[in-house]
file input.txt (compact mmCIF, N, CA, C and O atoms)
# COMPACT_ATOMS: atom_id res chain seq x y z
N MET A 1 -3.24 -4.29 13.90
CA MET A 1 -1.82 -4.03 13.80
C MET A 1 -1.41 -4.02 12.34
O MET A 1 -1.88 -4.81 11.54
N SER A 2 -0.51 -3.12 11.98
CA SER A 2 -0.05 -3.03 10.61
C SER A 2 0.68 -4.31 10.21
O SER A 2 1.25 -5.01 11.03
N PHE A 3 0.69 -4.58 8.94
CA PHE A 3 1.21 -5.83 8.42
C PHE A 3 2.73 -5.92 8.40
O PHE A 3 3.30 -7.00 8.47
N HIS A 4 3.42 -4.81 8.30
CA HIS A 4 4.83 -4.84 7.92
C HIS A 4 5.80 -5.20 9.05
O HIS A 4 6.93 -5.59 8.78
N ALA A 5 5.38 -5.11 10.30
CA ALA A 5 6.31 -5.36 11.41
C ALA A 5 6.90 -6.76 11.38
O ALA A 5 8.09 -6.95 11.63
N ALA A 6 6.10 -7.76 11.07
CA ALA A 6 6.57 -9.15 11.04
C ALA A 6 6.70 -9.70 9.63
O ALA A 6 6.95 -10.89 9.45
N ALA A 7 6.55 -8.84 8.64
CA ALA A 7 6.56 -9.29 7.24
C ALA A 7 7.99 -9.47 6.71
O ALA A 7 8.93 -8.85 7.20
N GLN A 8 8.09 -10.30 5.70
CA GLN A 8 9.35 -10.51 4.98
C GLN A 8 9.09 -10.33 3.49
O GLN A 8 7.97 -10.56 3.02
N ASP A 9 10.12 -9.93 2.78
CA ASP A 9 10.06 -9.79 1.32
C ASP A 9 8.87 -8.93 0.89
O ASP A 9 8.11 -9.30 -0.01
N VAL A 10 8.70 -7.78 1.52
CA VAL A 10 7.61 -6.86 1.18
C VAL A 10 7.97 -6.14 -0.11
O VAL A 10 9.07 -5.62 -0.25
N ARG A 11 7.01 -6.12 -1.05
CA ARG A 11 7.27 -5.51 -2.35
C ARG A 11 5.96 -5.12 -3.01
O ARG A 11 4.90 -5.60 -2.62
N VAL A 12 6.05 -4.29 -4.04
CA VAL A 12 4.92 -3.95 -4.88
C VAL A 12 5.29 -4.32 -6.30
O VAL A 12 6.32 -3.89 -6.81
N GLU A 13 4.46 -5.14 -6.93
CA GLU A 13 4.68 -5.57 -8.30
C GLU A 13 3.64 -4.94 -9.22
O GLU A 13 2.52 -4.65 -8.79
N ASP A 14 4.02 -4.72 -10.47
CA ASP A 14 3.13 -4.12 -11.47
C ASP A 14 2.52 -2.81 -10.99
O ASP A 14 1.38 -2.49 -11.34
N ASN A 15 3.24 -2.08 -10.18
CA ASN A 15 2.86 -0.75 -9.67
C ASN A 15 1.72 -0.76 -8.67
O ASN A 15 1.44 0.28 -8.06
N HIS A 16 1.02 -1.89 -8.46
CA HIS A 16 -0.14 -1.84 -7.57
C HIS A 16 -0.44 -3.13 -6.81
O HIS A 16 -1.39 -3.17 -6.03
N ILE A 17 0.34 -4.17 -6.98
CA ILE A 17 0.10 -5.43 -6.27
C ILE A 17 1.08 -5.53 -5.10
O ILE A 17 2.27 -5.73 -5.30
N LEU A 18 0.56 -5.35 -3.88
CA LEU A 18 1.37 -5.49 -2.67
C LEU A 18 1.53 -6.97 -2.38
O LEU A 18 0.55 -7.71 -2.32
N LYS A 19 2.77 -7.41 -2.21
CA LYS A 19 3.06 -8.80 -1.88
C LYS A 19 4.01 -8.85 -0.69
O LYS A 19 4.88 -8.00 -0.54
N ALA A 20 3.82 -9.87 0.14
CA ALA A 20 4.69 -10.06 1.30
C ALA A 20 4.50 -11.45 1.85
O ALA A 20 3.45 -12.08 1.65
N SER A 21 5.51 -11.94 2.55
CA SER A 21 5.37 -13.16 3.35
C SER A 21 5.04 -12.69 4.75
O SER A 21 5.81 -11.95 5.37
N ILE A 22 3.88 -13.14 5.26
CA ILE A 22 3.41 -12.69 6.57
C ILE A 22 2.96 -13.90 7.39
O ILE A 22 2.50 -14.89 6.85
N PRO A 23 3.10 -13.81 8.71
CA PRO A 23 2.75 -14.96 9.54
C PRO A 23 1.23 -15.09 9.76
O PRO A 23 0.54 -14.09 9.90
N ASN A 24 0.77 -16.35 9.79
CA ASN A 24 -0.61 -16.58 10.21
C ASN A 24 -0.62 -16.79 11.73
O ASN A 24 0.41 -16.65 12.38
N VAL A 25 -1.76 -17.15 12.30
CA VAL A 25 -1.85 -17.28 13.76
C VAL A 25 -0.99 -18.41 14.31
O VAL A 25 -0.64 -18.40 15.49
N ASP A 26 -0.62 -19.36 13.46
CA ASP A 26 0.25 -20.46 13.88
C ASP A 26 1.74 -20.14 13.70
O ASP A 26 2.59 -20.98 13.98
N GLY A 27 2.04 -18.93 13.20
CA GLY A 27 3.42 -18.53 12.99
C GLY A 27 4.00 -18.97 11.66
O GLY A 27 5.16 -18.71 11.38
N GLU A 28 3.21 -19.64 10.83
CA GLU A 28 3.68 -20.05 9.51
C GLU A 28 3.70 -18.83 8.59
O GLU A 28 2.77 -18.02 8.60
N MET A 29 4.75 -18.71 7.79
CA MET A 29 4.85 -17.60 6.85
C MET A 29 4.04 -17.94 5.60
O MET A 29 4.22 -18.99 4.98
N ILE A 30 3.14 -17.04 5.25
CA ILE A 30 2.23 -17.21 4.12
C ILE A 30 2.53 -16.13 3.10
O ILE A 30 2.66 -14.95 3.45
N GLU A 31 2.61 -16.51 1.82
CA GLU A 31 2.77 -15.53 0.75
C GLU A 31 1.39 -14.92 0.49
O GLU A 31 0.45 -15.62 0.14
N ALA A 32 1.27 -13.61 0.71
CA ALA A 32 0.00 -12.92 0.58
C ALA A 32 0.12 -11.78 -0.41
O ALA A 32 1.21 -11.28 -0.67
N GLU A 33 -1.03 -11.38 -0.97
CA GLU A 33 -1.03 -10.23 -1.87
C GLU A 33 -2.34 -9.48 -1.76
O GLU A 33 -3.37 -10.03 -1.35
N LEU A 34 -2.27 -8.20 -2.12
CA LEU A 34 -3.43 -7.32 -2.11
C LEU A 34 -3.29 -6.34 -3.26
O LEU A 34 -2.24 -5.70 -3.41
N ASP A 35 -4.33 -6.20 -4.07
CA ASP A 35 -4.33 -5.23 -5.16
C ASP A 35 -4.63 -3.86 -4.58
O ASP A 35 -5.76 -3.58 -4.17
N LEU A 36 -3.62 -3.00 -4.50
CA LEU A 36 -3.80 -1.67 -3.93
C LEU A 36 -4.73 -0.80 -4.76
O LEU A 36 -5.30 0.17 -4.26
N ASN A 37 -4.91 -1.15 -6.05
CA ASN A 37 -5.87 -0.43 -6.88
C ASN A 37 -7.30 -0.57 -6.37
O ASN A 37 -8.16 0.22 -6.73
N SER A 38 -7.54 -1.57 -5.54
CA SER A 38 -8.89 -1.78 -5.01
C SER A 38 -9.20 -0.91 -3.78
O SER A 38 -10.35 -0.84 -3.35
N CYS A 39 -8.17 -0.24 -3.23
CA CYS A 39 -8.41 0.54 -2.01
C CYS A 39 -7.73 1.90 -1.99
O CYS A 39 -7.90 2.66 -1.04
N ILE A 40 -6.98 2.23 -3.05
CA ILE A 40 -6.33 3.54 -3.14
C ILE A 40 -6.68 4.16 -4.49
O ILE A 40 -6.55 3.50 -5.52
N GLY A 41 -7.10 5.41 -4.45
CA GLY A 41 -7.42 6.12 -5.68
C GLY A 41 -6.58 7.37 -5.84
O GLY A 41 -5.65 7.62 -5.07
N ASN A 42 -6.92 8.14 -6.84
CA ASN A 42 -6.26 9.40 -7.14
C ASN A 42 -7.26 10.53 -6.93
O ASN A 42 -8.28 10.59 -7.59
N ASN A 43 -6.95 11.41 -5.99
CA ASN A 43 -7.78 12.60 -5.75
C ASN A 43 -6.99 13.83 -6.17
O ASN A 43 -6.21 14.37 -5.40
N ASP A 44 -7.17 14.24 -7.42
CA ASP A 44 -6.53 15.45 -7.96
C ASP A 44 -5.01 15.45 -7.77
O ASP A 44 -4.42 16.44 -7.35
N GLY A 45 -4.37 14.31 -8.02
CA GLY A 45 -2.92 14.23 -7.94
C GLY A 45 -2.38 13.78 -6.61
O GLY A 45 -1.18 13.86 -6.37
N SER A 46 -3.24 13.27 -5.74
CA SER A 46 -2.81 12.74 -4.44
C SER A 46 -3.40 11.35 -4.23
O SER A 46 -4.54 11.09 -4.64
N PHE A 47 -2.63 10.48 -3.59
CA PHE A 47 -3.18 9.19 -3.21
C PHE A 47 -4.32 9.40 -2.22
O PHE A 47 -4.24 10.26 -1.34
N GLN A 48 -5.39 8.60 -2.36
CA GLN A 48 -6.52 8.71 -1.44
C GLN A 48 -7.02 7.32 -1.06
O GLN A 48 -7.36 6.50 -1.92
N TRP A 49 -7.05 7.06 0.27
CA TRP A 49 -7.62 5.81 0.77
C TRP A 49 -9.10 5.76 0.41
O TRP A 49 -9.77 6.79 0.35
N GLU A 50 -9.62 4.57 0.22
CA GLU A 50 -11.00 4.28 -0.11
C GLU A 50 -11.37 4.69 -1.53
O GLU A 50 -12.53 4.76 -1.87
N GLY A 51 -10.36 4.95 -2.34
CA GLY A 51 -10.59 5.19 -3.76
C GLY A 51 -10.23 3.92 -4.52
O GLY A 51 -10.00 2.87 -3.93
N GLN A 52 -10.16 4.04 -5.83
CA GLN A 52 -9.79 2.90 -6.66
C GLN A 52 -9.01 3.37 -7.87
O GLN A 52 -9.23 4.48 -8.37
N GLY A 53 -8.12 2.52 -8.35
CA GLY A 53 -7.49 2.70 -9.65
C GLY A 53 -6.40 3.73 -9.75
O GLY A 53 -6.17 4.26 -10.83
N PHE A 54 -5.68 4.01 -8.67
CA PHE A 54 -4.63 5.04 -8.73
C PHE A 54 -3.61 4.76 -9.83
O PHE A 54 -3.13 5.68 -10.48
N ALA A 55 -3.27 3.49 -10.04
CA ALA A 55 -2.21 3.14 -10.98
C ALA A 55 -2.58 3.46 -12.43
O ALA A 55 -1.70 3.60 -13.27
N ASP A 56 -3.88 3.59 -12.69
CA ASP A 56 -4.33 3.91 -14.05
C ASP A 56 -4.15 5.38 -14.40
O ASP A 56 -4.29 5.75 -15.57
N SER A 57 -3.85 6.21 -13.42
CA SER A 57 -3.72 7.65 -13.67
C SER A 57 -2.38 8.18 -13.16
O SER A 57 -2.29 9.33 -12.73
N GLY A 58 -1.37 7.33 -13.21
CA GLY A 58 -0.07 7.77 -12.72
C GLY A 58 1.08 7.09 -13.43
O GLY A 58 0.89 6.28 -14.34
N GLU A 59 2.28 7.42 -12.96
CA GLU A 59 3.50 6.87 -13.55
C GLU A 59 4.65 7.02 -12.56
O GLU A 59 4.50 7.63 -11.50
N ASN A 60 5.78 6.45 -12.93
CA ASN A 60 7.01 6.55 -12.14
C ASN A 60 6.81 6.09 -10.70
O ASN A 60 7.29 6.72 -9.76
N PHE A 61 6.13 4.96 -10.53
CA PHE A 61 5.90 4.42 -9.20
C PHE A 61 7.14 3.74 -8.66
O PHE A 61 7.90 3.12 -9.41
N SER A 62 7.33 3.87 -7.36
CA SER A 62 8.41 3.16 -6.68
C SER A 62 7.91 2.79 -5.29
O SER A 62 7.00 3.42 -4.75
N PHE A 63 8.53 1.79 -4.72
CA PHE A 63 8.15 1.32 -3.40
C PHE A 63 9.40 1.03 -2.61
O PHE A 63 10.37 0.48 -3.13
N GLY A 64 9.37 1.37 -1.32
CA GLY A 64 10.50 1.05 -0.47
C GLY A 64 10.11 1.02 0.99
O GLY A 64 9.09 1.57 1.39
N LEU A 65 10.95 0.34 1.76
CA LEU A 65 10.81 0.31 3.21
C LEU A 65 11.78 1.36 3.73
O LEU A 65 12.99 1.19 3.62
N GLU A 66 11.25 2.44 4.28
CA GLU A 66 12.05 3.62 4.57
C GLU A 66 12.27 3.84 6.06
O GLU A 66 11.39 3.56 6.88
N GLY A 67 13.44 4.35 6.39
CA GLY A 67 13.77 4.73 7.75
C GLY A 67 14.11 3.53 8.63
O GLY A 67 14.09 2.37 8.19
N ASP A 68 14.42 3.82 9.89
CA ASP A 68 14.78 2.78 10.85
C ASP A 68 13.63 1.83 11.12
O ASP A 68 13.84 0.66 11.43
N ASP A 69 12.39 2.31 11.01
CA ASP A 69 11.21 1.47 11.25
C ASP A 69 10.76 0.72 10.00
O ASP A 69 9.77 0.00 10.05
N ARG A 70 11.49 0.92 8.90
CA ARG A 70 11.17 0.25 7.63
C ARG A 70 9.70 0.44 7.26
O ARG A 70 8.95 -0.50 7.03
N VAL A 71 9.29 1.70 7.17
CA VAL A 71 7.91 2.06 6.85
C VAL A 71 7.68 1.84 5.35
O VAL A 71 8.45 2.33 4.53
N PRO A 72 6.60 1.13 4.99
CA PRO A 72 6.33 0.84 3.57
C PRO A 72 5.70 2.05 2.87
O PRO A 72 4.55 2.40 3.11
N ILE A 73 6.47 2.70 2.00
CA ILE A 73 6.03 3.91 1.32
C ILE A 73 5.95 3.65 -0.18
O ILE A 73 6.90 3.21 -0.80
N LEU A 74 4.78 3.98 -0.74
CA LEU A 74 4.58 3.94 -2.19
C LEU A 74 4.66 5.37 -2.70
O LEU A 74 4.00 6.27 -2.15
N ARG A 75 5.48 5.59 -3.71
CA ARG A 75 5.65 6.91 -4.30
C ARG A 75 5.29 6.84 -5.79
O ARG A 75 5.39 5.79 -6.41
N GLY A 76 4.89 7.96 -6.31
CA GLY A 76 4.59 8.02 -7.74
C GLY A 76 4.22 9.43 -8.14
O GLY A 76 4.31 10.38 -7.34
N GLU A 77 3.82 9.55 -9.39
CA GLU A 77 3.32 10.81 -9.91
C GLU A 77 1.91 10.54 -10.42
O GLU A 77 1.71 9.73 -11.32
N LEU A 78 0.93 11.21 -9.81
CA LEU A 78 -0.47 11.05 -10.22
C LEU A 78 -0.91 12.31 -10.95
O LEU A 78 -0.53 13.42 -10.59
N ARG A 79 -1.76 12.13 -11.96
CA ARG A 79 -2.26 13.28 -12.72
C ARG A 79 -3.38 13.99 -11.95
O ARG A 79 -4.27 13.34 -11.41
N ASN A 80 -3.30 15.31 -11.94
CA ASN A 80 -4.36 16.10 -11.33
C ASN A 80 -5.43 16.38 -12.39
O ASN A 80 -5.34 15.90 -13.53
N ILE A 81 -6.44 17.19 -12.04
CA ILE A 81 -7.55 17.41 -12.97
C ILE A 81 -7.13 18.21 -14.21
O ILE A 81 -7.80 18.15 -15.23
N GLU A 82 -5.99 18.90 -14.12
CA GLU A 82 -5.45 19.61 -15.29
C GLU A 82 -4.58 18.71 -16.15
O GLU A 82 -4.07 19.13 -17.18
N GLY A 83 -4.36 17.46 -15.71
CA GLY A 83 -3.54 16.53 -16.47
C GLY A 83 -2.06 16.60 -16.15
O GLY A 83 -1.25 15.94 -16.78
N GLU A 84 -1.70 17.41 -15.15
CA GLU A 84 -0.30 17.54 -14.76
C GLU A 84 0.09 16.42 -13.81
O GLU A 84 -0.71 16.00 -12.97
N SER A 85 1.32 15.96 -13.90
CA SER A 85 1.84 14.93 -12.99
C SER A 85 2.28 15.58 -11.69
O SER A 85 3.05 16.54 -11.70
N VAL A 86 1.78 15.05 -10.58
CA VAL A 86 2.08 15.59 -9.25
C VAL A 86 2.79 14.51 -8.42
O VAL A 86 2.24 13.42 -8.24
N PRO A 87 4.00 14.78 -7.93
CA PRO A 87 4.67 13.80 -7.06
C PRO A 87 3.88 13.61 -5.77
O PRO A 87 3.40 14.58 -5.17
N CYS A 88 3.74 12.36 -5.34
CA CYS A 88 2.99 12.08 -4.11
C CYS A 88 3.49 10.78 -3.49
O CYS A 88 4.20 10.01 -4.13
N ASP A 89 3.10 10.55 -2.25
CA ASP A 89 3.46 9.31 -1.58
C ASP A 89 2.38 8.94 -0.59
O ASP A 89 1.57 9.77 -0.20
N ILE A 90 2.39 7.66 -0.19
CA ILE A 90 1.43 7.17 0.79
C ILE A 90 2.09 6.07 1.63
O ILE A 90 2.83 5.24 1.10
N ASN A 91 1.83 6.14 2.92
CA ASN A 91 2.31 5.11 3.85
C ASN A 91 1.26 4.00 3.86
O ASN A 91 0.19 4.17 4.45
N ILE A 92 1.55 2.88 3.24
CA ILE A 92 0.53 1.84 3.13
C ILE A 92 0.33 1.07 4.42
O ILE A 92 -0.62 0.30 4.55
N ALA A 93 1.17 1.32 5.42
CA ALA A 93 0.95 0.70 6.73
C ALA A 93 -0.21 1.34 7.47
O ALA A 93 -0.69 0.79 8.46
N GLU A 94 -0.68 2.50 6.99
CA GLU A 94 -1.78 3.19 7.67
C GLU A 94 -3.06 2.37 7.74
O GLU A 94 -3.77 2.42 8.73
N ARG A 95 -3.36 1.63 6.68
CA ARG A 95 -4.66 0.96 6.61
C ARG A 95 -4.59 -0.50 6.18
O ARG A 95 -5.63 -1.12 5.97
N ILE A 96 -3.40 -1.05 6.04
CA ILE A 96 -3.26 -2.46 5.64
C ILE A 96 -2.82 -3.27 6.85
O ILE A 96 -1.87 -2.91 7.53
N SER A 97 -3.50 -4.37 7.09
CA SER A 97 -3.16 -5.22 8.24
C SER A 97 -2.95 -6.66 7.80
O SER A 97 -3.31 -7.06 6.69
N ASN A 98 -2.38 -7.43 8.69
CA ASN A 98 -2.23 -8.87 8.54
C ASN A 98 -3.32 -9.52 9.37
O ASN A 98 -3.33 -9.41 10.59
N GLN A 99 -4.22 -10.21 8.70
CA GLN A 99 -5.27 -10.93 9.40
C GLN A 99 -5.13 -12.41 9.08
O GLN A 99 -5.58 -12.88 8.03
N ASN A 100 -4.40 -13.10 9.98
CA ASN A 100 -4.16 -14.54 9.85
C ASN A 100 -3.53 -14.91 8.51
O ASN A 100 -3.95 -15.85 7.85
N GLY A 101 -2.51 -14.17 8.12
CA GLY A 101 -1.78 -14.49 6.90
C GLY A 101 -2.39 -13.92 5.64
O GLY A 101 -1.99 -14.28 4.54
N GLN A 102 -3.32 -12.99 5.78
CA GLN A 102 -3.91 -12.31 4.62
C GLN A 102 -3.71 -10.81 4.77
O GLN A 102 -3.88 -10.26 5.86
N LEU A 103 -3.35 -10.15 3.67
CA LEU A 103 -3.26 -8.70 3.66
C LEU A 103 -4.66 -8.14 3.46
O LEU A 103 -5.35 -8.50 2.50
N VAL A 104 -5.08 -7.26 4.39
CA VAL A 104 -6.45 -6.77 4.39
C VAL A 104 -6.46 -5.25 4.52
O VAL A 104 -5.76 -4.69 5.37
N PHE A 105 -7.28 -4.60 3.70
CA PHE A 105 -7.50 -3.16 3.81
C PHE A 105 -8.63 -2.93 4.80
O PHE A 105 -9.69 -3.53 4.70
N ASP A 106 -8.39 -2.03 5.77
CA ASP A 106 -9.41 -1.68 6.74
C ASP A 106 -9.70 -0.20 6.63
O ASP A 106 -8.92 0.63 7.08
N PRO A 107 -10.85 0.18 6.03
CA PRO A 107 -11.14 1.60 5.81
C PRO A 107 -11.43 2.38 7.06
O PRO A 107 -11.35 3.61 7.06
N ASP A 108 -11.72 1.71 8.16
CA ASP A 108 -12.14 2.40 9.38
C ASP A 108 -11.03 2.57 10.41
O ASP A 108 -11.27 3.15 11.46
N VAL A 109 -9.83 2.06 10.12
CA VAL A 109 -8.77 2.07 11.11
C VAL A 109 -7.50 2.64 10.51
O VAL A 109 -7.13 2.31 9.40
N SER A 110 -6.83 3.50 11.27
CA SER A 110 -5.49 3.90 10.93
C SER A 110 -4.56 3.22 11.92
O SER A 110 -4.69 3.41 13.12
N TYR A 111 -3.65 2.40 11.42
CA TYR A 111 -2.75 1.65 12.30
C TYR A 111 -1.62 2.51 12.83
O TYR A 111 -0.77 2.03 13.56
N LEU A 112 -1.63 3.79 12.51
CA LEU A 112 -0.59 4.69 13.00
C LEU A 112 -1.07 5.55 14.14
O LEU A 112 -0.31 6.30 14.72
N GLU A 113 -2.35 5.50 14.46
CA GLU A 113 -2.89 6.33 15.54
C GLU A 113 -2.53 5.78 16.88
O GLU A 113 -2.31 4.64 17.10

call {"tool": "encode", "arguments": {"input": "input.txt", "output": "structure tokens"}}
result
Amino acid sequence: MSFHAAAQDVRVEDNHILKASIPNVDGEMIEAELDLNSCIGNNDGSFQWEGQGFADSGENFSFGLEGDDRVPILRGELRNIEGESVPCDINIAERISNQNGQLVFDPDVSYLE
């Protein structure tokens, strides 16, 4: 299950550190974080799961919980192979889950399917 449904104070700091208060199995709210640079990369100006270091090749990052479902969307401009900045976004709920109060990247699962 995606992390954001029961999360509080969801945010991204320093352009790539996802932070949130999320419940563990006992229902206690735990402050958790995950470095998105460890699981998202830049593929020719687009965010790509299972890559690394997207924040090192981009700028103008923003994060928000969008729509009625409060979907966690990271937006930014990533450089393509020509060096041009390309606007892009990624739904980080696709592959990030809450596992007993820890934010975890799961490369084999899309939580939106």

call {"tool": "residues_around", "arguments": {"input": "input.txt", "residues": "segment 55-63 of chain A", "least_positions_apart": "4", "cutoff": "9 Å", "atoms": "only C-alpha atoms", "output": "JSON, numbers by chain"}}
result
{"A": [11, 12, 15, 16, 36, 37, 40, 41, 42, 45, 72, 73, 74, 75, 76, 77, 78, 79, 80, 85, 86]}

call {"tool": "atom_distance", "arguments": {"input": "input.txt", "atom1": "atom N of Gln48 of chain A", "atom2": "atom CA of Asn91 of chain A"}}
result
10.5 Å

call {"tool": "select_by_dssp", "arguments": {"input": "input.txt", "residues": "chain A", "states": "strand (DSSP E)", "output": "count of residues only"}}
result
57

call {"tool": "residues_near_point", "arguments": {"input": "input.txt", "point": "(5.1, -6.7, 1.8)", "cutoff": "4.5 Å", "atoms": "only N, CA, C and O atoms", "output": "PyMOL selection string"}}
result
chain A and resi 9-11+19-20

call {"tool": "write_last_selection", "arguments": {"input": "input.txt", "atoms": "N, CA, C and O atoms", "output": "compact mmCIF listing (two decimals), in the coordinates of the input"}}
result
# COMPACT_ATOMS: atom_id res chain seq x y z
N ASP A 9 10.12 -9.93 2.78
CA ASP A 9 10.06 -9.79 1.32
C ASP A 9 8.87 -8.93 0.89
O ASP A 9 8.11 -9.30 -0.01
N VAL A 10 8.70 -7.78 1.52
CA VAL A 10 7.61 -6.86 1.18
C VAL A 10 7.97 -6.14 -0.11
O VAL A 10 9.07 -5.62 -0.25
N ARG A 11 7.01 -6.12 -1.05
CA ARG A 11 7.27 -5.51 -2.35
C ARG A 11 5.96 -5.12 -3.01
O ARG A 11 4.90 -5.60 -2.62
N LYS A 19 2.77 -7.41 -2.21
CA LYS A 19 3.06 -8.80 -1.88
C LYS A 19 4.01 -8.85 -0.69
O LYS A 19 4.88 -8.00 -0.54
N ALA A 20 3.82 -9.87 0.14
CA ALA A 20 4.69 -10.06 1.30
C ALA A 20 4.50 -11.45 1.85
O ALA A 20 3.45 -12.08 1.65

call {"tool": "residues_around", "arguments": {"input": "input.txt", "residues": "segment 29-35 of chain A", "least_positions_apart": "5", "cutoff": "6 Å", "atoms": "only C-alpha atoms", "output": "list in words"}}
result
His16, Ile17, Leu18, Lys19, Ala20, Ser21, Ile22, Pro23, Gly101, Gln102 and Leu103 of chain A

call {"tool": "select_by_dssp", "arguments": {"input": "input.txt", "residues": "segment 3-95 of chain A", "states": "helix (DSSP H, G or I)", "output": "PyMOL selection string"}}
result
chain A and resi 4-6+36-38+54-57+92-94

call {"tool": "atom_distance", "arguments": {"input": "input.txt", "atom1": "atom CA of Phe3 of chain A", "atom2": "atom CA of Phe105 of chain A"}}
result
10.2 Å

call {"tool": "closest_residue", "arguments": {"input": "input.txt", "among": "A:Glu28, A:Asp69, A:Glu50, A:Glu84", "to": "Asn100 of chain A", "atoms": "only N, CA, C and O atoms"}}
result
A:Glu28

call {"tool": "atom_distance", "arguments": {"input": "input.txt", "atom1": "atom CA of Val109 of chain A", "atom2": "atom CA of Glu94 of chain A"}}
result
7.9 Å

call {"tool": "closest_residue", "arguments": {"input": "input.txt", "among": "A:Val104, A:Glu66, A:His4, A:Ile81", "to": "Asn43 of chain A", "atoms": "only N, CA, C and O atoms"}}
result
A:Ile81

call {"tool": "axis_aligned_box", "arguments": {"input": "input.txt", "around": "segment 98-109 of chain A", "padding_each_side": "6 Å", "output": "JSON"}}
result
{"center_x": -7.0, "center_y": -6.1, "center_z": 7.0, "size_x": 22.4, "size_y": 31.5, "size_z": 21.0}

call {"tool": "closest_residue", "arguments": {"input": "input.txt", "among": "A:Asp108, A:Asp14, A:Ile92, A:Gly27", "to": "Gly64 of chain A", "atoms": "only N, CA, C and O atoms"}}
result
A:Ile92

call {"tool": "closest_residue", "arguments": {"input": "input.txt", "among": "A:Asp68, A:Ser2, A:Asp44, A:Asn24", "to": "Pro87 of chain A", "atoms": "only C-alpha atoms"}}
result
A:Asp44
